[in-house]
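Engineer: Sharing a structure here in structure tokens format.
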Amino acid sequence: MIVRKERILPLKGKVLVTKGAKVKAEDVVAETLLPGKVVPFNLANKLGVTPAQLEKYIRIKPGDQITKKTILAENAGLFGLGIFKSEVHSPVDGEVESISAVTGQVLLREPRIPVQVKAFLDGVVTDVIPEEGVVIENKSAYIQGIFGIGDETTGELKMLATTPDDEIDAGKIDESCRGKIIIAGSFVPYHVIEIARKHGVKAIITGGIDDQDIKKLLGYDIGVAITGHENVGLTIICTEGFGKITMAKKTFDLLKQFDGKKASVHGHTQIRAGVIRPEIIIPMEFDESELVSKEASLPVLEIGTMVRIIRQPHFGTIARVTALPEELTKVESETMVRIMEAEFDDGTRIRIPRANVEVIES
Amino acid sequence: MQYDEKRLTRIVATDCGSTTTKAILIEYVDGEYRQTIRGEAPTTVEAPLNDVTKGVINATQELEELARLKYNNPNIKFMENGEFIIPRNGDLGVDAYVSTSSAGGGLQMMVTGVVASMTGESAERAALGAGAIVMDLIASNDKRMNHEKIERIRHLRPDMILMAGGEDGGTIKHVVEMAELVAGADPKPRLGSSYKLPVIYAGNKEAVSEIEKTLSEKVGLIITDNLRPKLETENLGPARDKIHDIFMEHVMQQAPGYNKLMEWTQGPDHQQVPIMPTPAAVGNIMQTIAKDEQIEVVGVDIGGATTDVFSVFTEDYVFNRTVSANLGMSYSISNVLASSGLANIMRWVPFDINESELRNMIKNKMIRPTTIPSLLEELVLEQAIAKEALRLAFEQHKEFASSLKGMQRQRDISEAFSQSTSGASIVNMMTLSLLVGSGGVLSHAPRRFQTVMMLIDAFLPEGITRLAVDSIFMMPHLGVLSEISPKAATEVFRKDCMVYLGTCVAPVGKGKYGKPALYAKLELPDGSVFEEDIPFGEIRLIPCEAGKVAKATLKASSGLILNAEKAKELSVDLHGGNVGIVLDTRGRRPFVLPTEKSDRIKYLKKWMRELKAYPEDILV
């Protein structure tokens, strides 16, 4: 499919590439300077005078550039003779923001901090938003995860699982995994994550993960699902959810097909207000004329559609829709819901709430 | 501006929520106001439509269609050329259109004060009362270093800031210092950068000129009356009004389509009726009802992400609202587990479950928030979690809804030995008359009995308390409607909004399981009589229809009392409801569940069976 990514600076700045340019994931495409940290500093207290008196002794004015050597204020010393004279030096390099005669406080601003935005995926710059960023497109194999932790990273895919329900053995992870994105099957326990971290693995893709292992890894429990900026040394992407859950066969097969290829991944997850899910993007060879994305359409639930069940019972399994009755139906919990009837591969049939399935796009 | 029933015969009210726009039709028929029709459509504030009025039109169209069907009259029409026809002329048009809004994340504010528990808390109360989510309270004494405060202000990006601090004639230095930190942080508004961030100053009036000097260039500064002019007085009205004005003028202007929506909301004489933030409207209707019926009320709205608690207490009808931003049933469900602890959730579950299985189930609900518990066990677990979310939100509310802190009180000799201090909670469960629940887990529980069980277990009502749910979450609409017609709002509230579930009778005090606790004799409207000496640690459910009353004689055993006057005997009328009258002798202050697990499960099953909460097969 055609993947389109906006790469935007947090503040206005400079775009470093032009429209049509071919970029690599690691290339910097835009940069800017963030305003420095503001450091409040009570100058009157330091000098031992009242805020109103400060004016007499101050040596700076708003807008002045300062270094740690700059004298911000000094008094005249005993009897105005310079005996026991005290000087107050700036605690930081930067600029004077403001001076207050009410509180005796000065605000100093540290130098600006450079920020760079990388391309994140190999592709073509198809649009430039002046001073803000760029749009990068490519043709990729694309997989959306369900939950993740850790930031954007890139690396070569390395399939370690033999089947989608495999639990990889710690012994499979060695120095050959350094800098790679490894693929586990249904589950990855804490000790395996630890070993992966030790061997410099960039990311792990797994079907499921245990809630307590995530807690051990982060040092805290995730209260609300806003993740992606954790700094635990690697990125983890769950494709199915929490607990031991077999990876969807389609996902597994796709990852296997691209074993050894470069991929861009991230663990960003946000459930409320504009859903964000982790992504696995595997760029493919393409011609620029192919960069016409299909019109976005919502997946439709209809008879014949393949669905994945995303809540107990039958969590994680795949079925084919056989009927979509209109009327509300009572399920075991006595909740009245719209249901669907579906059939598993082995021919067994079930009735489940429509809210508890995801359509698998063909 | 208020109108009577001659001028208001047909009204459309909408609530533009973050996902759905809900429209209701209110009509004056046969001498009373009734809510007659409702419709809904997805909210259209985000891409691709980017215009909130599209959702309003869609929801209103559904109303029109249903009205035509209901009255078998194809000529009924509320809108023409995409706008409301006002006033009504026969089949055409409506007399008023009013609306509330919480779309786009509602109103997000940051507040500042000098002492966190005094001016800071007053500022927080003003913001919450105006319907805001308070992102942070920054105070001179909040233990963060100044540079940390600046960093925090810079990162928050609120819709506006409310600054309080200093009683009139009090500290100037601390208030100005806070203004300097705000100026240094140079905060930017959340929506759009085309305007300056509104900052309302409601602190020491003698600091005004310094505040202007410090802030007027950097932010959109608005000065209003001090919200805490003296330590012993709170004056939140002017600050709250300013928040509403700015919400309309600045914040809403930035949200797509709101310019148009603001012109649409008007009464029969084309006078504007301001759009209200949804929680402010809910607060409005609760206060109206409390004053009208002269009762104390607690209301709760439990959502996927947040839980709002509203209360009106004391003879002055003091209103309080709290938002527990991280207690909810889907998005924040895992935070409920983190805040309450596993043991507190498990104490409500009448069966064994593997701990890691439960934890993973909760996390899976968090990442797939729209799924529905299909298995009975999962429903029981979700309702156990709901009890804890409600309990925690109510605890936060009780702590916040307090008398003013920092005051010196004159005490008479009778008070000299009591423990009451300034800052004590004004929430008194013994004098509370009505507890109203709303939000999916309460309003859509498969059995209303479950709603009653969740409300009682979470809030632990004391003495005699009526229980109700908001049928379709109509309180926002009625809150904004009460601005132009309190009569219409209260009539609809009583007849169509509230679903009365019944009354809970809970004697307060300690007892021993199995020992006598309450003698109750209920003469029911159908002529039958319920009479029993109920032991401690039991629940009884006596059916009594909504609108009917049972005449009760109640006698509490030693160690237990029945009301705020500490009565041990009472003859009272108990109101019925869809569920009935619940007699709860499990004790209060403290309310304790049996510590032994097997005992606890035995009793839980007994109570759930008595309350008809779940099917028999899960309780055997």
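By order of appearance in the structure tokens: chains A, B, ..., then residues from 1 within every chain, and ligands from 1 in the order shown.
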Which neighbours of Leu181 of chain B fall inside 9 Å, counting only C-alpha atoms, when residues of the same chain fewer than 6 positions from it are skipped, and could you give them as a list in words?
Structural biologist: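 Close residues of Leu181 of chain B: Pro40 and Leu107 of chain A; Asn146, His147, Lys149, Ile150 and Ile153 of chain B.
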Engineer: Let's have the selection written as a CSV table (one decimal), in the first residue's frame, with N, CA and C atoms.
Structural biologist:
```
chain,number,residue,atom,x,y,z
A,40,PRO,N,14.4,31.1,36.6
A,40,PRO,CA,14.1,32.2,37.5
A,40,PRO,C,15.2,32.3,38.6
A,107,LEU,N,14.4,36.8,35.2
A,107,LEU,CA,14.2,35.6,34.5
A,107,LEU,C,15.3,35.5,33.4
B,146,ASN,N,10.7,27.0,41.1
B,146,ASN,CA,10.1,28.0,40.2
B,146,ASN,C,10.4,27.5,38.7
B,147,HIS,N,11.6,27.0,38.5
B,147,HIS,CA,11.9,26.6,37.1
B,147,HIS,C,11.1,25.5,36.6
B,149,LYS,N,8.0,25.0,37.7
B,149,LYS,CA,6.7,25.5,37.4
B,149,LYS,C,6.6,26.1,36.0
B,150,ILE,N,7.7,26.9,35.6
B,150,ILE,CA,7.7,27.5,34.3
B,150,ILE,C,7.6,26.4,33.2
B,153,ILE,N,4.1,25.1,33.0
B,153,ILE,CA,3.1,26.0,32.3
B,153,ILE,C,3.3,26.0,30.8
```
Engineer: Fewer than 6 positions away in the same chain doesn't count, so skip those; otherwise give me all residues within 7 Å of segment 166-169 of chain A, counting only C-alpha atoms, as a PyMOL selection string.
Structural biologist: chain A and resi 160+184-188
Engineer: Please find the residues of chain B near chain A - the criterion being any atom within 6 Å, counting only C-alpha atoms - and write them as an MDAnalysis selection string.
Structural biologist: chainID B and resid 147 173 332 334:335 360 364 371 374:376 446
Engineer: Quick one: write out the picked residues with C-alpha atoms as a CSV table (one decimal), in the first residue's frame?
Structural biologist:
```csv
chain,number,residue,atom,x,y,z
B,147,HIS,CA,11.9,26.6,37.1
B,173,LYS,CA,4.7,39.9,46.1
B,332,SER,CA,-8.8,5.0,32.0
B,334,SER,CA,-6.3,0.4,33.9
B,335,ASN,CA,-5.8,3.5,36.1
B,360,ASN,CA,-4.5,-8.6,31.2
B,364,ASN,CA,-7.2,-5.4,26.8
B,371,THR,CA,-15.8,-3.9,23.2
B,374,SER,CA,-20.2,-10.8,26.4
B,375,LEU,CA,-19.5,-13.3,29.1
B,376,LEU,CA,-21.3,-13.0,32.4
B,446,PRO,CA,-28.4,-5.2,31.6
```
Engineer: Using the chain letters and numbers from this document, which residues of segment 160-391 of chain B does DSSP assign to alpha helix (DSSP H), as an MDAnalysis selection string?
Structural biologist: chainID B and resid 173:185 208:215 237:246 252:254 258:264 278:293 333:340 342:346 355:367 376:391
Engineer: Would you kindly return, as a PDB file with N, CA and C atoms, in the first residue's frame, each protein, DNA or RNA residue with an atom no farther than 8 Å from any atom of Ala290 of chain B, considering only C-alpha atoms and excluding same-chain residues fewer than 5 positions away?
Structural biologist:
```
ATOM      1  N   ILE B 295     -33.747  19.985  48.656  1.00  0.00           N
ATOM      2  CA  ILE B 295     -33.076  18.744  49.056  1.00  0.00           C
ATOM      3  C   ILE B 295     -31.586  18.844  48.743  1.00  0.00           C
ATOM      4  N   GLU B 296     -30.828  17.893  49.293  1.00  0.00           N
ATOM      5  CA  GLU B 296     -29.412  17.775  48.950  1.00  0.00           C
ATOM      6  C   GLU B 296     -29.254  16.647  47.921  1.00  0.00           C
ATOM      7  N   VAL B 297     -28.400  16.903  46.928  1.00  0.00           N
ATOM      8  CA  VAL B 297     -28.299  15.985  45.788  1.00  0.00           C
ATOM      9  C   VAL B 297     -26.841  15.655  45.483  1.00  0.00           C
ATOM     10  N   VAL B 312     -24.847  19.153  45.668  1.00  0.00           N
ATOM     11  CA  VAL B 312     -25.413  20.376  46.230  1.00  0.00           C
ATOM     12  C   VAL B 312     -25.729  20.068  47.692  1.00  0.00           C
ATOM     13  N   TYR B 317     -27.278  25.731  49.601  1.00  0.00           N
ATOM     14  CA  TYR B 317     -27.188  25.045  48.305  1.00  0.00           C
ATOM     15  C   TYR B 317     -25.809  25.247  47.668  1.00  0.00           C
TER      16      TYR B 317
END
```
Engineer: Do a neighbour search on segment 522-538 of chain B at 6 Å with only C-alpha atoms, toss out local chain neighbours closer than 3 positions, and write the hits as a list in words.
Structural biologist: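 My list of contacting residues is Tyr513, Gly514, Lys515, Pro516, Ala517, Leu518, Tyr519, Ala550, Lys551, Ala552, Thr585 and Arg586 of chain B.
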Engineer: As a PyMOL selection string, please: all residues of segment 550-582 of chain B that backbone DSSP puts in strand (DSSP E or B).
Structural biologist: chain B and resi 550-556+560-561+569-575+580-582
Engineer: Would you output that residue set with C-alpha atoms, as a PDB file, in the first residue's frame?
Structural biologist:
```pdb
ATOM      1  CA  ALA B 550     -44.690   2.503  51.119  1.00  0.00           C
ATOM      2  CA  LYS B 551     -45.532   3.544  54.674  1.00  0.00           C
ATOM      3  CA  ALA B 552     -42.639   2.355  56.794  1.00  0.00           C
ATOM      4  CA  THR B 553     -42.027   1.880  60.495  1.00  0.00           C
ATOM      5  CA  LEU B 554     -38.344   1.430  61.188  1.00  0.00           C
ATOM      6  CA  LYS B 555     -36.585   0.597  64.468  1.00  0.00           C
ATOM      7  CA  ALA B 556     -32.808   0.387  64.628  1.00  0.00           C
ATOM      8  CA  LEU B 560     -27.315   1.908  64.943  1.00  0.00           C
ATOM      9  CA  ILE B 561     -29.132   5.134  63.984  1.00  0.00           C
ATOM     10  CA  GLU B 569     -37.265   4.866  65.391  1.00  0.00           C
ATOM     11  CA  LEU B 570     -38.916   6.418  62.373  1.00  0.00           C
ATOM     12  CA  SER B 571     -42.240   6.388  60.613  1.00  0.00           C
ATOM     13  CA  VAL B 572     -41.622   7.509  57.045  1.00  0.00           C
ATOM     14  CA  ASP B 573     -42.877   7.295  53.485  1.00  0.00           C
ATOM     15  CA  LEU B 574     -40.429   5.422  51.257  1.00  0.00           C
ATOM     16  CA  HIS B 575     -40.586   6.077  47.505  1.00  0.00           C
ATOM     17  CA  GLY B 580     -37.889  -1.050  44.734  1.00  0.00           C
ATOM     18  CA  ILE B 581     -36.949  -0.413  48.336  1.00  0.00           C
ATOM     19  CA  VAL B 582     -33.608  -1.731  49.560  1.00  0.00           C
TER      20      VAL B 582
END
```
Engineer: Could you give me, as a ChimeraX atom specification, the residues within 9 Å of Met340 of chain A, counting only C-alpha atoms and dropping anything in the same chain fewer than 3 positions from it?
Structural biologist: /A:321-326,350-354
Engineer: Need to verify the contact set: segment 118-132 of chain A, 7 Å, only C-alpha atoms, exclusion of same-chain residues closer than 2 positions in sequence. Can you return it as a ChimeraX atom specification?
Structural biologist: /A:7-9,12-15,18-29,116,134-138,264,283
Engineer: Within 10 Å of Glu616 of chain B, counting only C-alpha atoms, which residues qualify if same-chain residues fewer than 6 places away don't, as a compact mmCIF listing (two decimals) with C-alpha atoms, in the first residue's frame?
Structural biologist:
```txt
# COMPACT_ATOMS: atom_id res chain seq x y z
CA LYS B 605 -23.58 -14.14 46.65
CA MET B 608 -26.43 -10.30 44.89
CA ARG B 609 -29.14 -12.97 44.96
```
Engineer: Would you work out the distance separating atom CA of Ile24 of chain B from atom CA of Gly39 of chain B, expressed in Å to one decimal?
Structural biologist: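 Distance reported for this atom pair: 6.4 Å.
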